Amino acid sequence: MGLICPLRLALLSLIGPQDMTRSAPLSQVRYNIEERALIPTASLKVILLNSQVGLTEKEAFMKTPRWMAPLMVLSLASLTAGCGTQTSTGTPTGSLSNGTLKVTWSQNPQTIDPRKIYDGEDWNIGRALYVGLYSDNAHFKLQPRIAEGMPQISHNGLVYTVHLNPKATWSNGKPVTAADFVYALRTELSPSFQSPDTYLWWMIKGASQYEAGHSQSLGIRAINATTLQYTLNTPYSAFPYVLSVPASFPVYPPSIRQVATHPVTDGPYVVSQWKTGVSMVLKKNTHYFRPHAYPSTLQFDFNVNPSVGILRVENGQASLVGDGIPSANYTSLESNPQYAKDITSGYSPAVILLALNETVKPFNNLLVRQAVQMALNKARLVQMLNGRAQVANGILPTSLPGFGKGFPNLYPFNPARAKKLLTQAGYPHGFSTTLGLASEQTGTSQIETLIEADLGAIGIKVTAKPLPTESAALAKIPMMTYSWYMDYPDPADFIGGFVTSPAVVGGSNPAFLNDPTLNAMEAAASKMPLGAARVALYDQIDKRAMKDAAYVPLYYPELTFFHSPEVHGFKLPAVYFPAVYSHLTLSSKS
């Protein structure tokens, strides 16, 4: 997933409620720094966007692991948690350390094994059960968790040494050791384990050979019980951020057979009860090594339609709707003084776009791609989303620090100019083409309707068809809706897959963009130290990619969430989950 501040949205008519799924995997693709080539792995970090009125937010952004089952966005309130302007929830009165926080979800968790956590509910619940070396705060800053401080980095930028807090313990009282991290990563990358998260480790020395079963050498080792060391293939300044995602968390080897159902955890909570498809109850971990005043109990109720979840919050039967606010409920909630203060919203480092396949005629013609760019009325699309989105001019979103502001609009809405471009390209009467969408959503999506109408106005007849389950067929799809949400707040995670090549089937470059100059620019940028110079280079990468016109950024989504007045401290964090329970308190009265 990757997850990447990973995600947030809030659509209205166009997309219904919001979902916590990060991105629908197709055959995951990693960028192998040693070979500078994309290597297919277990599953792909993508969301193929489709929207439909009337679906739940969960159904809209739901991600299907391991094969190409594209997701739909019913509302830009998609659960990929976001950053940005947020509604204040006030100061708690009468804090209840023994309170129960009740969260509704429209789906069920797929796993709570951190080595496989990928979907929204999994990410959210997994963060309550486990902690890793670091975590991101709402300002994109890394904070040590099990690590005692930031990593020590060798002069060549390849070796990261992390010292663990000796007080960190598992829920059975045993110490968390460096060997637990080594065991977790080795099993996660094992060829037989089939984790959807292996793409996150492309920079680890020997990872590709280890995952392929060709070597047992891997760039991670325990120097002693409290000292962990990672060795990379190439300098990668964003690597500490990778150590904050759930896929980097440790597991307790002796209980590995129960890790997916009754895990020994190192986070603030343990699993108390789990009724598959119905609910899950978490209780405070009495051995958690950090003091906290979280709610003593977390109760997750599954298979609850987000609109029903809204009613439960209004009636005092729930604390938070995990899927976000459905389109059907947003206007009434936002305009009601009683509830408006309990809405939290913000923008996510996420982009919804249209990918034009450069290997398929007529999109191999730059003039045709430019015509499509200028034919789509993005402002009207945002209006259809009830304003819960921002028009996108580039791939990198404005909610990612340092990006978006002042980014040039290379393709302003201009149907007349678009028609002239088609004529210059040799298509004076237009042409017919296919739009790939989620299988169940063709014929009903408002995004589909907009694309068909706007392109039809310049002579391009669009027929929407369901995307195939075979990722190999992607090479033949002329254009498709697509979405990207960050795993960790860095442009390398966000844009690298779009612009690097050679493009491969099933990869995170569905436009098959292949620009050697872009490849070299991205390779150089990923190695640079974090800072203004690196940001400037990624900005140039984005601008060059937009000149190629293979990706049509449509909008940056906004997330909106509704919680009870007893919930305080609710913030949209920097990465992909809607609630950080360490920030929440409950009170008897608002």
# chains A, B, ... in the order shown; residues from 1 in each chain; ligands from 1
$ residues_around --residues "Pro114 in chain A" --least-positions-apart "4" --cutoff "10 Å" --atoms "only C-alpha atoms" --output "PDB file with N, CA and C atoms, in the first residue's frame"
ATOM      1  N   TYR A 118      -2.778  -4.134   4.949  1.00  0.00           N
ATOM      2  CA  TYR A 118      -2.798  -3.364   3.712  1.00  0.00           C
ATOM      3  C   TYR A 118      -4.072  -2.526   3.604  1.00  0.00           C
ATOM      4  N   ASP A 122      -7.668  -2.884   8.395  1.00  0.00           N
ATOM      5  CA  ASP A 122      -6.497  -3.582   8.913  1.00  0.00           C
ATOM      6  C   ASP A 122      -5.483  -2.577   9.445  1.00  0.00           C
ATOM      7  N   TRP A 123      -5.241  -1.538   8.656  1.00  0.00           N
ATOM      8  CA  TRP A 123      -4.265  -0.510   9.022  1.00  0.00           C
ATOM      9  C   TRP A 123      -4.691   0.155  10.324  1.00  0.00           C
ATOM     10  N   GLY A 126      -4.669  -2.447  13.232  1.00  0.00           N
ATOM     11  CA  GLY A 126      -3.300  -2.867  13.480  1.00  0.00           C
ATOM     12  C   GLY A 126      -2.501  -1.830  14.241  1.00  0.00           C
ATOM     13  N   ARG A 127      -2.762  -0.554  13.982  1.00  0.00           N
ATOM     14  CA  ARG A 127      -2.069   0.522  14.697  1.00  0.00           C
ATOM     15  C   ARG A 127      -2.437   0.556  16.178  1.00  0.00           C
ATOM     16  N   LEU A 129      -3.063  -2.213  17.888  1.00  0.00           N
ATOM     17  CA  LEU A 129      -2.502  -3.424  18.498  1.00  0.00           C
ATOM     18  C   LEU A 129      -0.976  -3.416  18.539  1.00  0.00           C
ATOM     19  N   TYR A 130      -0.366  -2.768  17.557  1.00  0.00           N
ATOM     20  CA  TYR A 130       1.090  -2.827  17.429  1.00  0.00           C
ATOM     21  C   TYR A 130       1.696  -1.432  17.343  1.00  0.00           C
ATOM     22  N   VAL A 131       2.935  -1.340  17.723  1.00  0.00           N
ATOM     23  CA  VAL A 131       3.750  -0.164  17.428  1.00  0.00           C
ATOM     24  C   VAL A 131       5.061  -0.657  16.835  1.00  0.00           C
ATOM     25  N   GLY A 132       5.662   0.209  16.041  1.00  0.00           N
ATOM     26  CA  GLY A 132       6.948  -0.118  15.447  1.00  0.00           C
ATOM     27  C   GLY A 132       8.020   0.822  15.946  1.00  0.00           C
ATOM     28  N   ALA A 184      10.250 -10.799  11.643  1.00  0.00           N
ATOM     29  CA  ALA A 184       9.067 -10.282  10.952  1.00  0.00           C
ATOM     30  C   ALA A 184       9.376  -9.972   9.490  1.00  0.00           C
ATOM     31  N   GLU A 188       8.011 -11.907   6.188  1.00  0.00           N
ATOM     32  CA  GLU A 188       7.187 -11.092   5.299  1.00  0.00           C
ATOM     33  C   GLU A 188       7.664 -11.179   3.860  1.00  0.00           C
ATOM     34  N   SER A 195       2.954 -11.633   1.009  1.00  0.00           N
ATOM     35  CA  SER A 195       2.517 -10.365   1.589  1.00  0.00           C
ATOM     36  C   SER A 195       2.257  -9.344   0.492  1.00  0.00           C
ATOM     37  N   ASP A 197       2.710  -6.272   0.880  1.00  0.00           N
ATOM     38  CA  ASP A 197       3.489  -5.093   1.257  1.00  0.00           C
ATOM     39  C   ASP A 197       4.962  -5.167   0.860  1.00  0.00           C
ATOM     40  N   VAL A 245       5.576   2.336   8.880  1.00  0.00           N
ATOM     41  CA  VAL A 245       4.376   1.689   8.348  1.00  0.00           C
ATOM     42  C   VAL A 245       4.165   0.338   9.037  1.00  0.00           C
ATOM     43  N   PRO A 246       2.925  -0.151   9.100  1.00  0.00           N
ATOM     44  CA  PRO A 246       2.669  -1.431   9.783  1.00  0.00           C
ATOM     45  C   PRO A 246       3.512  -2.588   9.282  1.00  0.00           C
ATOM     46  N   ALA A 247       3.843  -2.595   8.000  1.00  0.00           N
ATOM     47  CA  ALA A 247       4.649  -3.697   7.453  1.00  0.00           C
ATOM     48  C   ALA A 247       6.033  -3.766   8.076  1.00  0.00           C
ATOM     49  N   SER A 248       6.447  -2.721   8.790  1.00  0.00           N
ATOM     50  CA  SER A 248       7.762  -2.724   9.438  1.00  0.00           C
ATOM     51  C   SER A 248       7.693  -3.143  10.895  1.00  0.00           C
ATOM     52  N   PHE A 249       6.494  -3.418  11.407  1.00  0.00           N
ATOM     53  CA  PHE A 249       6.331  -3.739  12.822  1.00  0.00           C
ATOM     54  C   PHE A 249       6.888  -5.134  13.143  1.00  0.00           C
ATOM     55  N   PRO A 250       7.244  -5.372  14.400  1.00  0.00           N
ATOM     56  CA  PRO A 250       7.738  -6.699  14.783  1.00  0.00           C
ATOM     57  C   PRO A 250       6.584  -7.659  15.050  1.00  0.00           C
ATOM     58  N   VAL A 251       6.898  -8.933  15.103  1.00  0.00           N
ATOM     59  CA  VAL A 251       5.946  -9.947  15.583  1.00  0.00           C
ATOM     60  C   VAL A 251       6.671 -10.810  16.612  1.00  0.00           C
ATOM     61  N   VAL A 259      -0.845 -15.316  15.262  1.00  0.00           N
ATOM     62  CA  VAL A 259      -0.696 -13.882  15.029  1.00  0.00           C
ATOM     63  C   VAL A 259      -1.878 -13.297  14.255  1.00  0.00           C
ATOM     64  N   ALA A 260      -2.544 -14.096  13.448  1.00  0.00           N
ATOM     65  CA  ALA A 260      -3.659 -13.578  12.650  1.00  0.00           C
ATOM     66  C   ALA A 260      -4.984 -13.585  13.399  1.00  0.00           C
TER      67      ALA A 260
END
$ residues_around --residues "range 99-102 of chain A" --least-positions-apart "6" --cutoff "9 Å" --atoms "only C-alpha atoms" --output "count of residues only"
18
$ closest_residue --among "A:Thr104, A:Thr398, A:Ser190, A:Gln390" --to "Ser215 in chain A" --atoms "only C-alpha atoms"
A:Ser190
$ closest_atom_pairs --of "range 505-569 of chain A" --to "range 404-419 of chain A" --cutoff "12 Å" --atoms "only C-alpha atoms" --output "JSON lines"
{"residue": "A:Val535", "atom": "CA", "partner": "A:Gly404", "partner_atom": "CA", "distance": 11.1}
{"residue": "A:Ala536", "atom": "CA", "partner": "A:Gly404", "partner_atom": "CA", "distance": 11.3}
{"residue": "A:Tyr538", "atom": "CA", "partner": "A:Gly404", "partner_atom": "CA", "distance": 11.1}
{"residue": "A:Asp539", "atom": "CA", "partner": "A:Gly404", "partner_atom": "CA", "distance": 8.4}
{"residue": "A:Gln540", "atom": "CA", "partner": "A:Phe407", "partner_atom": "CA", "distance": 10.1}
{"residue": "A:Asp542", "atom": "CA", "partner": "A:Phe407", "partner_atom": "CA", "distance": 9.3}
{"residue": "A:Lys543", "atom": "CA", "partner": "A:Phe407", "partner_atom": "CA", "distance": 8.1}
{"residue": "A:Arg544", "atom": "CA", "partner": "A:Leu410", "partner_atom": "CA", "distance": 10.8}
{"residue": "A:Ala545", "atom": "CA", "partner": "A:Leu410", "partner_atom": "CA", "distance": 11.2}
{"residue": "A:Met546", "atom": "CA", "partner": "A:Leu410", "partner_atom": "CA", "distance": 7.7}
{"residue": "A:Lys547", "atom": "CA", "partner": "A:Leu410", "partner_atom": "CA", "distance": 7.6}
{"residue": "A:Asp548", "atom": "CA", "partner": "A:Leu410", "partner_atom": "CA", "distance": 10.7}
{"residue": "A:Ala549", "atom": "CA", "partner": "A:Tyr411", "partner_atom": "CA", "distance": 9.1}
{"residue": "A:Tyr551", "atom": "CA", "partner": "A:Tyr411", "partner_atom": "CA", "distance": 11.7}
{"residue": "A:Val552", "atom": "CA", "partner": "A:Tyr411", "partner_atom": "CA", "distance": 9.4}
{"residue": "A:Pro553", "atom": "CA", "partner": "A:Tyr411", "partner_atom": "CA", "distance": 10.5}
{"residue": "A:Leu554", "atom": "CA", "partner": "A:Tyr411", "partner_atom": "CA", "distance": 11.5}
{"residue": "A:Tyr555", "atom": "CA", "partner": "A:Gly404", "partner_atom": "CA", "distance": 11.9}
{"residue": "A:Tyr556", "atom": "CA", "partner": "A:Gly404", "partner_atom": "CA", "distance": 10.5}
$ select_by_dssp --residues "range 59-300 of chain A" --states "helix (DSSP H, G or I)" --output "number ranges by chain"
A: 59-60, 120-129, 178-188, 198-201, 207-211, 239-242, 246-248, 253-258
$ closest_residue --among "A:Val372, A:Ile153, A:Phe363, A:Phe302" --to "Thr276 in chain A" --atoms "only C-alpha atoms"
A:Phe302
$ atom_distance --atom1 "CA of Lys341 in chain A" --atom2 "CA of Ala293 in chain A"
23.4 Å
$ residues_around --residues "Leu537 in chain A" --least-positions-apart "6" --cutoff "9 Å" --atoms "only C-alpha atoms" --output "PyMOL selection string"
chain A and resi 521-522+524-525
$ write_last_selection --atoms "N, CA, C and O atoms" --output "CSV table (one decimal), in the first residue's frame"
chain,number,residue,atom,x,y,z
A,521,MET,N,16.1,11.6,-13.2
A,521,MET,CA,15.7,12.6,-12.3
A,521,MET,C,15.2,12.0,-11.0
A,521,MET,O,15.6,12.4,-9.9
A,522,GLU,N,14.3,11.0,-11.1
A,522,GLU,CA,13.8,10.4,-9.9
A,522,GLU,C,14.8,9.6,-9.2
A,522,GLU,O,14.8,9.6,-7.9
A,524,ALA,N,17.9,10.3,-9.0
A,524,ALA,CA,18.8,11.2,-8.3
A,524,ALA,C,18.0,11.8,-7.1
A,524,ALA,O,18.6,12.0,-6.0
A,525,ALA,N,16.8,12.2,-7.2
A,525,ALA,CA,16.0,12.8,-6.2
A,525,ALA,C,15.8,11.9,-5.0
A,525,ALA,O,15.9,12.3,-3.8
$ atom_distance --atom1 "CA of Ile112 in chain A" --atom2 "CA of Leu282 in chain A"
12.1 Å
$ closest_residue --among "A:Ile352, A:Thr481, A:Ala550, A:Ser432" --to "Asp515 in chain A" --atoms "only C-alpha atoms"
A:Ala550
$ residues_around --residues "Val360 in chain A" --least-positions-apart "6" --cutoff "9 Å" --atoms "only C-alpha atoms" --output "MDAnalysis selection string"
chainID A and resid 475:479
$ atom_distance --atom1 "CA of Gln229 in chain A" --atom2 "CA of Lys167 in chain A"
19.1 Å
$ select_by_dssp --residues "range 112-263 of chain A" --states "strand (DSSP E or B)" --output "PyMOL selection string"
chain A and resi 134-136+142-144+147+152-153+159-164+169+175+204+220-224+227-232
